[in-house]
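J.: My structure file target.pdb, PDB, C-alpha atoms, is below:
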ATOM      1  CA  MET A1053      61.262 -63.138 -41.764
ATOM      2  CA  ASN A1054      63.063 -66.071 -43.391
ATOM      3  CA  ARG A1055      62.157 -69.441 -41.827
ATOM      4  CA  ILE A1056      65.834 -70.169 -41.203
ATOM      5  CA  LYS A1057      66.262 -67.087 -39.029
ATOM      6  CA  GLU A1058      63.052 -67.859 -37.151
ATOM      7  CA  LEU A1059      64.293 -71.378 -36.415
ATOM      8  CA  PHE A1060      67.593 -70.218 -34.936
ATOM      9  CA  GLU A1061      65.845 -67.639 -32.787
ATOM     10  CA  LYS A1062      63.529 -70.279 -31.298
ATOM     11  CA  LYS A1063      65.662 -73.405 -30.942
ATOM     12  CA  LYS A1064      69.005 -74.814 -29.851
ATOM     13  CA  ASN A1065      70.587 -78.133 -30.806
ATOM     14  CA  ILE A1066      69.079 -77.910 -34.272
ATOM     15  CA  LEU A1067      68.985 -81.120 -36.284
ATOM     16  CA  SER A1068      69.255 -80.672 -40.034
ATOM     17  CA  ILE A1069      69.017 -83.688 -42.328
ATOM     18  CA  TYR A1070      70.498 -83.899 -45.815
ATOM     19  CA  TYR A1071      69.144 -86.280 -48.408
ATOM     20  CA  THR A1072      69.483 -86.659 -52.161
ATOM     21  CA  ALA A1073      66.479 -85.631 -54.249
ATOM     22  CA  GLY A1074      65.036 -88.542 -56.202
ATOM     23  CA  TYR A1075      66.611 -91.240 -54.021
ATOM     24  CA  PRO A1076      66.047 -94.090 -53.452
ATOM     25  CA  ASN A1077      63.206 -93.644 -55.989
ATOM     26  CA  ILE A1078      62.747 -90.569 -58.118
ATOM     27  CA  SER A1079      59.294 -89.873 -56.664
ATOM     28  CA  ASP A1080      60.422 -90.036 -52.990
ATOM     29  CA  THR A1081      61.551 -86.415 -52.549
ATOM     30  CA  ILE A1082      58.428 -84.952 -50.931
ATOM     31  CA  GLU A1083      57.532 -88.078 -48.948
ATOM     32  CA  ILE A1084      60.952 -88.063 -47.274
ATOM     33  CA  ALA A1085      60.563 -84.370 -46.432
ATOM     34  CA  GLU A1086      57.181 -85.015 -44.833
ATOM     35  CA  LEU A1087      58.464 -87.988 -42.832
ATOM     36  CA  LEU A1088      61.499 -86.110 -41.580
ATOM     37  CA  GLU A1089      59.374 -83.223 -40.331
ATOM     38  CA  LYS A1090      56.897 -85.672 -38.777
ATOM     39  CA  HIS A1091      59.677 -87.408 -36.861
ATOM     40  CA  GLY A1092      61.361 -84.292 -35.552
ATOM     41  CA  ALA A1093      63.848 -82.843 -38.054
ATOM     42  CA  ASP A1094      64.255 -79.087 -37.618
ATOM     43  CA  MET A1095      65.566 -78.293 -41.085
ATOM     44  CA  LEU A1096      66.054 -80.086 -44.413
ATOM     45  CA  GLU A1097      68.807 -79.954 -47.001
ATOM     46  CA  ILE A1098      67.697 -81.489 -50.290
ATOM     47  CA  GLY A1099      70.649 -82.344 -52.501
ATOM     48  CA  PHE A1100      70.336 -81.933 -56.251
ATOM     49  CA  PRO A1101      72.654 -84.523 -57.792
ATOM     50  CA  TYR A1102      75.583 -83.827 -60.091
ATOM     51  CA  SER A1103      77.666 -86.198 -62.181
ATOM     52  CA  ASP A1104      80.997 -85.139 -60.633
ATOM     53  CA  PRO A1105      80.386 -84.806 -56.868
ATOM     54  CA  VAL A1106      84.004 -84.267 -55.807
ATOM     55  CA  ALA A1107      83.310 -83.415 -52.142
ATOM     56  CA  ASP A1108      80.982 -86.348 -51.525
ATOM     57  CA  GLY A1109      81.910 -89.720 -50.125
ATOM     58  CA  PRO A1110      80.870 -93.033 -51.707
ATOM     59  CA  VAL A1111      77.396 -93.228 -50.103
ATOM     60  CA  ILE A1112      76.205 -89.837 -51.358
ATOM     61  CA  GLN A1113      77.999 -90.316 -54.682
ATOM     62  CA  ALA A1114      76.073 -93.566 -55.188
ATOM     63  CA  SER A1115      72.765 -91.921 -54.256
ATOM     64  CA  SER A1116      73.462 -89.101 -56.729
ATOM     65  CA  LYS A1117      74.246 -91.537 -59.534
ATOM     66  CA  GLN A1118      71.089 -93.537 -58.845
ATOM     67  CA  SER A1119      68.998 -90.371 -58.799
ATOM     68  CA  LEU A1120      70.525 -89.103 -62.050
ATOM     69  CA  ASP A1121      70.070 -92.500 -63.691
ATOM     70  CA  GLN A1122      66.363 -92.310 -62.804
ATOM     71  CA  GLY A1123      66.045 -88.939 -64.528
ATOM     72  CA  MET A1124      66.509 -86.335 -61.786
ATOM     73  CA  THR A1125      67.315 -82.818 -62.963
ATOM     74  CA  LEU A1126      66.776 -79.396 -61.429
ATOM     75  CA  LYS A1127      63.724 -78.966 -63.662
ATOM     76  CA  VAL A1128      62.261 -82.248 -62.369
ATOM     77  CA  LEU A1129      63.119 -81.316 -58.781
ATOM     78  CA  PHE A1130      61.354 -77.955 -58.937
ATOM     79  CA  GLU A1131      58.334 -79.675 -60.460
ATOM     80  CA  GLN A1132      58.330 -82.102 -57.500
ATOM     81  CA  LEU A1133      58.633 -79.213 -55.046
ATOM     82  CA  LYS A1134      55.808 -77.106 -56.467
ATOM     83  CA  ASP A1135      53.509 -78.131 -53.588
ATOM     84  CA  LEU A1136      56.297 -78.292 -50.987
ATOM     85  CA  ARG A1137      54.652 -75.879 -48.592
ATOM     86  CA  LYS A1138      51.418 -77.870 -48.548
ATOM     87  CA  HIS A1139      53.420 -80.680 -46.947
ATOM     88  CA  VAL A1140      56.299 -79.150 -44.984
ATOM     89  CA  LYS A1141      56.557 -76.130 -42.689
ATOM     90  CA  ILE A1142      60.201 -76.344 -41.531
ATOM     91  CA  PRO A1143      63.047 -74.568 -43.358
ATOM     92  CA  VAL A1144      64.230 -76.218 -46.564
ATOM     93  CA  LEU A1145      67.498 -75.606 -48.378
ATOM     94  CA  LEU A1146      68.779 -76.940 -51.673
ATOM     95  CA  MET A1147      72.359 -78.167 -51.757
ATOM     96  CA  GLY A1148      74.513 -79.010 -54.737
ATOM     97  CA  TYR A1149      77.280 -77.973 -57.070
ATOM     98  CA  VAL A1150      77.371 -74.743 -59.027
ATOM     99  CA  ASN A1151      77.494 -76.290 -62.518
ATOM    100  CA  PRO A1152      73.800 -77.364 -62.644
ATOM    101  CA  VAL A1153      72.797 -73.960 -61.228
ATOM    102  CA  LEU A1154      74.698 -72.113 -63.945
ATOM    103  CA  GLN A1155      73.203 -74.365 -66.625
ATOM    104  CA  PHE A1156      69.715 -73.722 -65.229
ATOM    105  CA  GLY A1157      70.472 -69.999 -64.939
ATOM    106  CA  VAL A1158      71.049 -68.313 -61.593
ATOM    107  CA  GLU A1159      68.100 -65.947 -61.983
ATOM    108  CA  ASN A1160      65.832 -68.830 -62.979
ATOM    109  CA  PHE A1161      67.159 -70.917 -60.101
ATOM    110  CA  CYS A1162      66.543 -68.216 -57.478
ATOM    111  CA  ASN A1163      63.095 -67.501 -58.875
ATOM    112  CA  ALA A1164      62.172 -71.209 -58.873
ATOM    113  CA  CYS A1165      63.393 -71.560 -55.260
ATOM    114  CA  ALA A1166      61.241 -68.633 -54.192
ATOM    115  CA  GLU A1167      58.181 -69.934 -56.053
ATOM    116  CA  VAL A1168      58.244 -73.337 -54.336
ATOM    117  CA  GLY A1169      59.144 -72.015 -50.878
ATOM    118  CA  VAL A1170      62.816 -72.961 -50.590
ATOM    119  CA  ASP A1171      64.534 -70.832 -47.936
ATOM    120  CA  GLY A1172      68.182 -71.061 -48.873
ATOM    121  CA  CYS A1173      70.962 -72.742 -50.810
ATOM    122  CA  ILE A1174      74.300 -74.367 -50.134
ATOM    123  CA  VAL A1175      76.546 -74.319 -53.194
ATOM    124  CA  PRO A1176      79.999 -75.212 -51.863
ATOM    125  CA  ASP A1177      81.933 -74.558 -55.080
ATOM    126  CA  LEU A1178      80.389 -71.148 -55.790
ATOM    127  CA  PRO A1179      83.310 -68.747 -55.205
ATOM    128  CA  MET A1180      82.576 -66.115 -52.594
ATOM    129  CA  VAL A1181      83.881 -63.287 -54.805
ATOM    130  CA  GLU A1182      81.560 -64.342 -57.664
ATOM    131  CA  TYR A1183      78.600 -64.596 -55.317
ATOM    132  CA  GLU A1184      79.260 -61.126 -53.928
ATOM    133  CA  GLU A1185      79.826 -59.525 -57.327
ATOM    134  CA  PHE A1186      77.233 -61.261 -59.502
ATOM    135  CA  TYR A1187      74.606 -63.155 -57.519
ATOM    136  CA  LYS A1188      74.124 -61.641 -54.056
ATOM    137  CA  GLY A1189      71.442 -59.239 -55.250
ATOM    138  CA  CYS A1190      69.463 -62.012 -56.914
ATOM    139  CA  PHE A1191      69.574 -64.203 -53.802
ATOM    140  CA  GLU A1192      68.514 -61.338 -51.547
ATOM    141  CA  GLU A1193      65.739 -60.242 -53.922
ATOM    142  CA  HIS A1194      64.235 -63.718 -53.596
ATOM    143  CA  ASN A1195      64.785 -63.886 -49.816
ATOM    144  CA  LEU A1196      67.216 -66.801 -50.166
ATOM    145  CA  SER A1197      69.950 -67.466 -47.646
ATOM    146  CA  ASN A1198      73.256 -68.426 -49.252
ATOM    147  CA  VAL A1199      75.189 -70.667 -46.875
ATOM    148  CA  PHE A1200      78.982 -70.565 -46.950
ATOM    149  CA  LEU A1201      81.269 -73.328 -45.718
ATOM    150  CA  ILE A1202      84.227 -73.027 -43.362
ATOM    151  CA  THR A1203      86.965 -75.652 -42.947
ATOM    152  CA  PRO A1204      89.668 -75.999 -40.278
ATOM    153  CA  GLN A1205      92.029 -74.244 -42.702
ATOM    154  CA  THR A1206      89.827 -71.165 -43.276
ATOM    155  CA  ALA A1207      91.600 -67.989 -42.168
ATOM    156  CA  ASP A1208      89.974 -65.654 -39.633
ATOM    157  CA  GLU A1209      89.830 -62.833 -42.189
ATOM    158  CA  ARG A1210      87.814 -64.972 -44.587
ATOM    159  CA  ILE A1211      85.546 -66.169 -41.771
ATOM    160  CA  HIS A1212      84.701 -62.577 -40.844
ATOM    161  CA  LYS A1213      84.059 -61.820 -44.535
ATOM    162  CA  ILE A1214      81.702 -64.831 -44.739
ATOM    163  CA  ASP A1215      79.961 -63.717 -41.559
ATOM    164  CA  GLY A1216      79.323 -60.335 -43.138
ATOM    165  CA  LEU A1217      77.839 -61.877 -46.283
ATOM    166  CA  THR A1218      75.690 -64.439 -44.481
ATOM    167  CA  ASN A1219      71.962 -64.073 -43.820
ATOM    168  CA  GLY A1220      71.177 -67.548 -42.489
ATOM    169  CA  PHE A1221      73.835 -69.718 -40.895
ATOM    170  CA  ILE A1222      77.454 -70.719 -41.475
ATOM    171  CA  TYR A1223      78.288 -74.353 -42.237
ATOM    172  CA  LEU A1224      81.346 -75.599 -40.340
ATOM    173  CA  LEU A1225      82.934 -78.624 -41.954
ATOM    174  CA  SER A1226      84.352 -80.826 -39.221
ATOM    175  CA  SER A1227      87.244 -81.710 -41.541
ATOM    176  CA  SER A1228      88.501 -81.138 -45.067
ATOM    177  CA  ALA A1229      87.728 -84.741 -46.036
ATOM    178  CA  THR A1230      84.820 -85.898 -48.150
ATOM    179  CA  THR A1231      81.434 -86.614 -46.613
ATOM    180  CA  GLY A1232      80.921 -89.826 -44.680
ATOM    181  CA  LYS A1233      83.958 -89.728 -42.401
ATOM    182  CA  ASN A1234      83.189 -90.198 -38.714
ATOM    183  CA  LEU A1235      83.493 -87.137 -36.495
ATOM    184  CA  GLU A1236      86.467 -87.464 -34.212
ATOM    185  CA  VAL A1237      86.850 -84.465 -31.931
ATOM    186  CA  GLY A1238      90.516 -84.692 -31.054
ATOM    187  CA  ASP A1239      92.619 -81.807 -29.823
ATOM    188  CA  THR A1240      92.975 -80.228 -33.265
ATOM    189  CA  THR A1241      89.266 -80.388 -34.108
ATOM    190  CA  ALA A1242      88.259 -79.155 -30.655
ATOM    191  CA  GLN A1243      90.671 -76.259 -31.045
ATOM    192  CA  TYR A1244      89.143 -75.408 -34.433
ATOM    193  CA  PHE A1245      85.567 -75.502 -33.107
ATOM    194  CA  GLY A1246      86.624 -73.524 -30.061
ATOM    195  CA  ARG A1247      88.327 -70.910 -32.239
ATOM    196  CA  ILE A1248      85.152 -70.362 -34.253
ATOM    197  CA  LYS A1249      83.000 -70.212 -31.117
ATOM    198  CA  ALA A1250      85.330 -67.643 -29.558
ATOM    199  CA  MET A1251      85.011 -65.373 -32.597
ATOM    200  CA  ASN A1252      81.433 -64.519 -31.520
ATOM    201  CA  LEU A1253      80.147 -64.431 -35.078
ATOM    202  CA  LYS A1254      76.851 -62.653 -35.649
ATOM    203  CA  ASN A1255      75.438 -65.656 -37.516
ATOM    204  CA  PRO A1256      74.606 -69.080 -36.048
ATOM    205  CA  THR A1257      76.732 -72.069 -36.996
ATOM    206  CA  MET A1258      75.983 -75.678 -37.908
ATOM    207  CA  ILE A1259      78.544 -78.493 -37.937
ATOM    208  CA  GLY A1260      78.513 -81.093 -40.712
ATOM    209  CA  PHE A1261      80.579 -84.037 -42.014
ATOM    210  CA  GLY A1262      80.850 -87.043 -39.713
ATOM    211  CA  ILE A1263      77.699 -86.610 -37.620
ATOM    212  CA  SER A1264      76.170 -90.076 -37.522
ATOM    213  CA  ASP A1265      74.723 -90.804 -34.068
ATOM    214  CA  ARG A1266      73.525 -89.172 -30.858
ATOM    215  CA  LYS A1267      77.032 -88.976 -29.406
ATOM    216  CA  THR A1268      78.527 -87.096 -32.351
ATOM    217  CA  PHE A1269      75.396 -84.927 -32.647
ATOM    218  CA  ASP A1270      75.585 -83.871 -28.984
ATOM    219  CA  LYS A1271      79.324 -83.218 -29.284
ATOM    220  CA  ALA A1272      78.790 -80.993 -32.312
ATOM    221  CA  CYS A1273      75.984 -79.110 -30.547
ATOM    222  CA  SER A1274      78.333 -78.267 -27.683
ATOM    223  CA  TYR A1275      80.320 -76.127 -30.134
ATOM    224  CA  ALA A1276      77.594 -74.870 -32.504
ATOM    225  CA  ASN A1277      73.870 -74.188 -32.815
ATOM    226  CA  GLY A1278      73.257 -77.606 -34.259
ATOM    227  CA  ALA A1279      74.482 -80.286 -36.632
ATOM    228  CA  ILE A1280      73.836 -81.632 -40.104
ATOM    229  CA  ILE A1281      73.506 -85.341 -40.846
ATOM    230  CA  GLY A1282      73.813 -86.574 -44.411
ATOM    231  CA  THR A1283      75.627 -89.817 -45.162
ATOM    232  CA  ALA A1284      74.188 -91.745 -42.205
ATOM    233  CA  PHE A1285      70.636 -90.816 -43.208
ATOM    234  CA  VAL A1286      71.103 -91.547 -46.923
ATOM    235  CA  LYS A1287      72.472 -94.950 -45.949
ATOM    236  CA  ALA A1288      69.518 -95.556 -43.616
ATOM    237  CA  ILE A1289      66.929 -95.168 -46.395
ATOM    238  CA  GLU A1290      68.721 -97.077 -49.159
ATOM    239  CA  ASN A1291      66.518-100.156 -48.831
ATOM    240  CA  GLY A1292      63.205 -98.313 -49.215
ATOM    241  CA  ASN A1293      60.385 -98.716 -46.642
ATOM    242  CA  LEU A1294      60.668 -95.015 -45.935
ATOM    243  CA  GLU A1295      58.236 -94.728 -43.014
ATOM    244  CA  GLU A1296      60.045 -97.371 -40.985
ATOM    245  CA  SER A1297      63.535 -96.261 -42.021
ATOM    246  CA  VAL A1298      62.985 -92.576 -41.219
ATOM    247  CA  SER A1299      61.190 -93.326 -37.953
ATOM    248  CA  ASN A1300      63.923 -95.680 -36.736
ATOM    249  CA  PHE A1301      66.696 -93.290 -37.741
ATOM    250  CA  MET A1302      65.174 -90.260 -36.049
ATOM    251  CA  LYS A1303      64.482 -92.105 -32.767
ATOM    252  CA  GLU A1304      68.176 -91.933 -31.922
ATOM    253  CA  PHE A1305      68.140 -88.160 -32.020
ATOM    254  CA  LYS A1306      64.627 -87.368 -30.890
ATOM    255  CA  GLY A1307      63.867 -90.276 -28.579
TER     256      GLY A1307
END
As structure tokens - that is how I would like this structure written.

T.:
Amino acid sequence: MNRIKELFEKKKNILSIYYTAGYPNISDTIEIAELLEKHGADMLEIGFPYSDPVADGPVIQASSKQSLDQGMTLKVLFEQLKDLRKHVKIPVLLMGYVNPVLQFGVENFCNACAEVGVDGCIVPDLPMVEYEEFYKGCFEEHNLSNVFLITPQTADERIHKIDGLTNGFIYLLSSSATTGKNLEVGDTTAQYFGRIKAMNLKNPTMIGFGISDRKTFDKACSYANGAIIGTAFVKAIENGNLEESVSNFMKEFKG
């Protein structure tokens, strides 16, 4: 069984942490993964940077630029991850834009993910119809979960379609804004989360965008199986000293 499915069967209030591969230093990718698992993260999302990150806020954009400037590519990332499973046992996903995946080759990408022990991918700008028609078989052959995103504007029909195509979890964006905005669960957002919860989807859900502290994490977990933290963590490690930075950050959620 895929590690992602095992995790959701065993745990509630799942904490997933996003960070940019090769940031703050190009060689930090595996060390950060180890430290996050050590300090209580349940799942990891490793971002592969792209030069035009349209959905990312300024913090993640800056981390992507720094990583790219230091030489990060998908080829370099897979080389760094070749011993991933000697260091990390929790589920690991790769997250990024479709352009680098297409340049690398989808078959090559899926094969490389499987070889290093990656469990799934989040490619927000990969159209669902293209995934279903061209790539679904390749992902399934390599036991990779493809995670789709839902926004407050996503129609019920599309949500049910996504639920049918999903074999991991569904990513609920708390808003249609870029990353880094604070989660504010007003009436409209609460109604959106409540609507998704009431649909009784067969797949678990995770809420992302705007989760930055224990309060917003707990609020998100009241509507979903867990939450994803990205911008707040990337900001927390920007000054280096990874052991101290990761430990201090995770205390808020696991203390």

J.: Out of A:Gln1122, A:Glu1167, A:Glu1185, A:Gly1157, which residue has the shortest atom-to-atom distance to Asp1135 (chain A) when counting only C-alpha atoms?

T.: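 Selected residue with least distance to Asp1135 (chain A): A:Glu1167.
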
J.: Taking all atoms listed in the file into account, name the residue in A:Phe1191, A:Tyr1223, A:Phe1060, A:Phe1156 that is nearest to Pro1176 (chain A).

T.: A:Tyr1223

J.: List the neighbours of region 1206-1209 of chain A out to 9 Å using all atoms listed in the file; skip same-chain residues closer than 4 positions along the sequence, and give me the result as a VMD selection string.

T.: chain A and resid 1202 1213 to 1214 1248 1251

J.: Would you kindly translate the PyMOL selection byres ((chain A and resi 1276) around 12) into the concrete residues it picks from this file, as a VMD selection string?

T.: chain A and resid 1060 1064 to 1067 1221 to 1226 1242 1244 to 1250 1252 to 1253 1255 to 1260 1269 to 1275 1277 to 1280

J.: From the list A:Tyr1149, A:Phe1161, A:Tyr1102, A:Tyr1071, which residue is nearest Thr1125 (chain A) when using all atoms listed in the file?

T.: A:Tyr1102

J.: With distances taken over only C-alpha atoms, which of A:Val1298, A:Cys1162, A:Val1199, A:Ile1281 is nearest to Tyr1070 (chain A)?

T.: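 Closest residue, counting only C-alpha atoms: A:Ile1281.
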
J.: Point out the residue among A:Leu1178, A:Val1158, A:Lys1306, A:Lys1267 with the least atom-to-atom distance to Cys1190 (chain A), counting only C-alpha atoms.

T.: A:Val1158

J.: Have a look at A:Phe1261, A:Glu1159, A:Ala1166, A:Thr1072 and name the one nearest to Gly1189 (chain A); count only C-alpha atoms.

T.: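 Between A:Phe1261, A:Glu1159, A:Ala1166, A:Thr1072, the residue approaching Gly1189 (chain A) most closely is A:Glu1159.
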
J.: Using all atoms listed in the file, list the residues that have an atom at most 10 Å from (56.1, -77.8, -47.8), coordinates as in the file, as a PDB file with C-alpha atoms, in the frame of the given file.

T.:
ATOM      1  CA  ILE A1082      58.428 -84.952 -50.931  1.00  0.00           C
ATOM      2  CA  ALA A1085      60.563 -84.370 -46.432  1.00  0.00           C
ATOM      3  CA  GLU A1086      57.181 -85.015 -44.833  1.00  0.00           C
ATOM      4  CA  GLU A1089      59.374 -83.223 -40.331  1.00  0.00           C
ATOM      5  CA  LEU A1133      58.633 -79.213 -55.046  1.00  0.00           C
ATOM      6  CA  LYS A1134      55.808 -77.106 -56.467  1.00  0.00           C
ATOM      7  CA  ASP A1135      53.509 -78.131 -53.588  1.00  0.00           C
ATOM      8  CA  LEU A1136      56.297 -78.292 -50.987  1.00  0.00           C
ATOM      9  CA  ARG A1137      54.652 -75.879 -48.592  1.00  0.00           C
ATOM     10  CA  LYS A1138      51.418 -77.870 -48.548  1.00  0.00           C
ATOM     11  CA  HIS A1139      53.420 -80.680 -46.947  1.00  0.00           C
ATOM     12  CA  VAL A1140      56.299 -79.150 -44.984  1.00  0.00           C
ATOM     13  CA  LYS A1141      56.557 -76.130 -42.689  1.00  0.00           C
ATOM     14  CA  ILE A1142      60.201 -76.344 -41.531  1.00  0.00           C
ATOM     15  CA  PRO A1143      63.047 -74.568 -43.358  1.00  0.00           C
ATOM     16  CA  VAL A1144      64.230 -76.218 -46.564  1.00  0.00           C
ATOM     17  CA  VAL A1168      58.244 -73.337 -54.336  1.00  0.00           C
ATOM     18  CA  GLY A1169      59.144 -72.015 -50.878  1.00  0.00           C
ATOM     19  CA  VAL A1170      62.816 -72.961 -50.590  1.00  0.00           C
TER      20      VAL A1170
END

J.: Name the residues that the PyMOL selection byres ((chain A and resi 1100) around 6) picks from the file above, as a ChimeraX atom specification, using the file's chain letters and numbers.

T.: /A:1073,1099,1101,1148

J.: Scan for residues within 8 Å of the point (65.9, -68.9, -45.6) in the coordinates of the file, using all atoms listed in the file, and reply as a ChimeraX atom specification.

T.: /A:1054-1057,1143-1145,1170-1172,1195-1197,1219-1220

J.: What gap, in Å, lies between CA of Gln1113 (chain A) and CA of Thr1268 (chain A)?

T.: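 For CA of Gln1113 (chain A) relative to CA of Thr1268 (chain A), the distance reads 22.6 Å.
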
J.: Separation of CA of Ile1263 (chain A) and CA of Asp1121 (chain A), in Å?

T.: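 The value is 27.8 Å.
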
J.: Expand the PyMOL selection byres ((chain A and resi 1217) around 9) into the explicit residue set it covers here, and present it as a count of residues only.

T.: 12
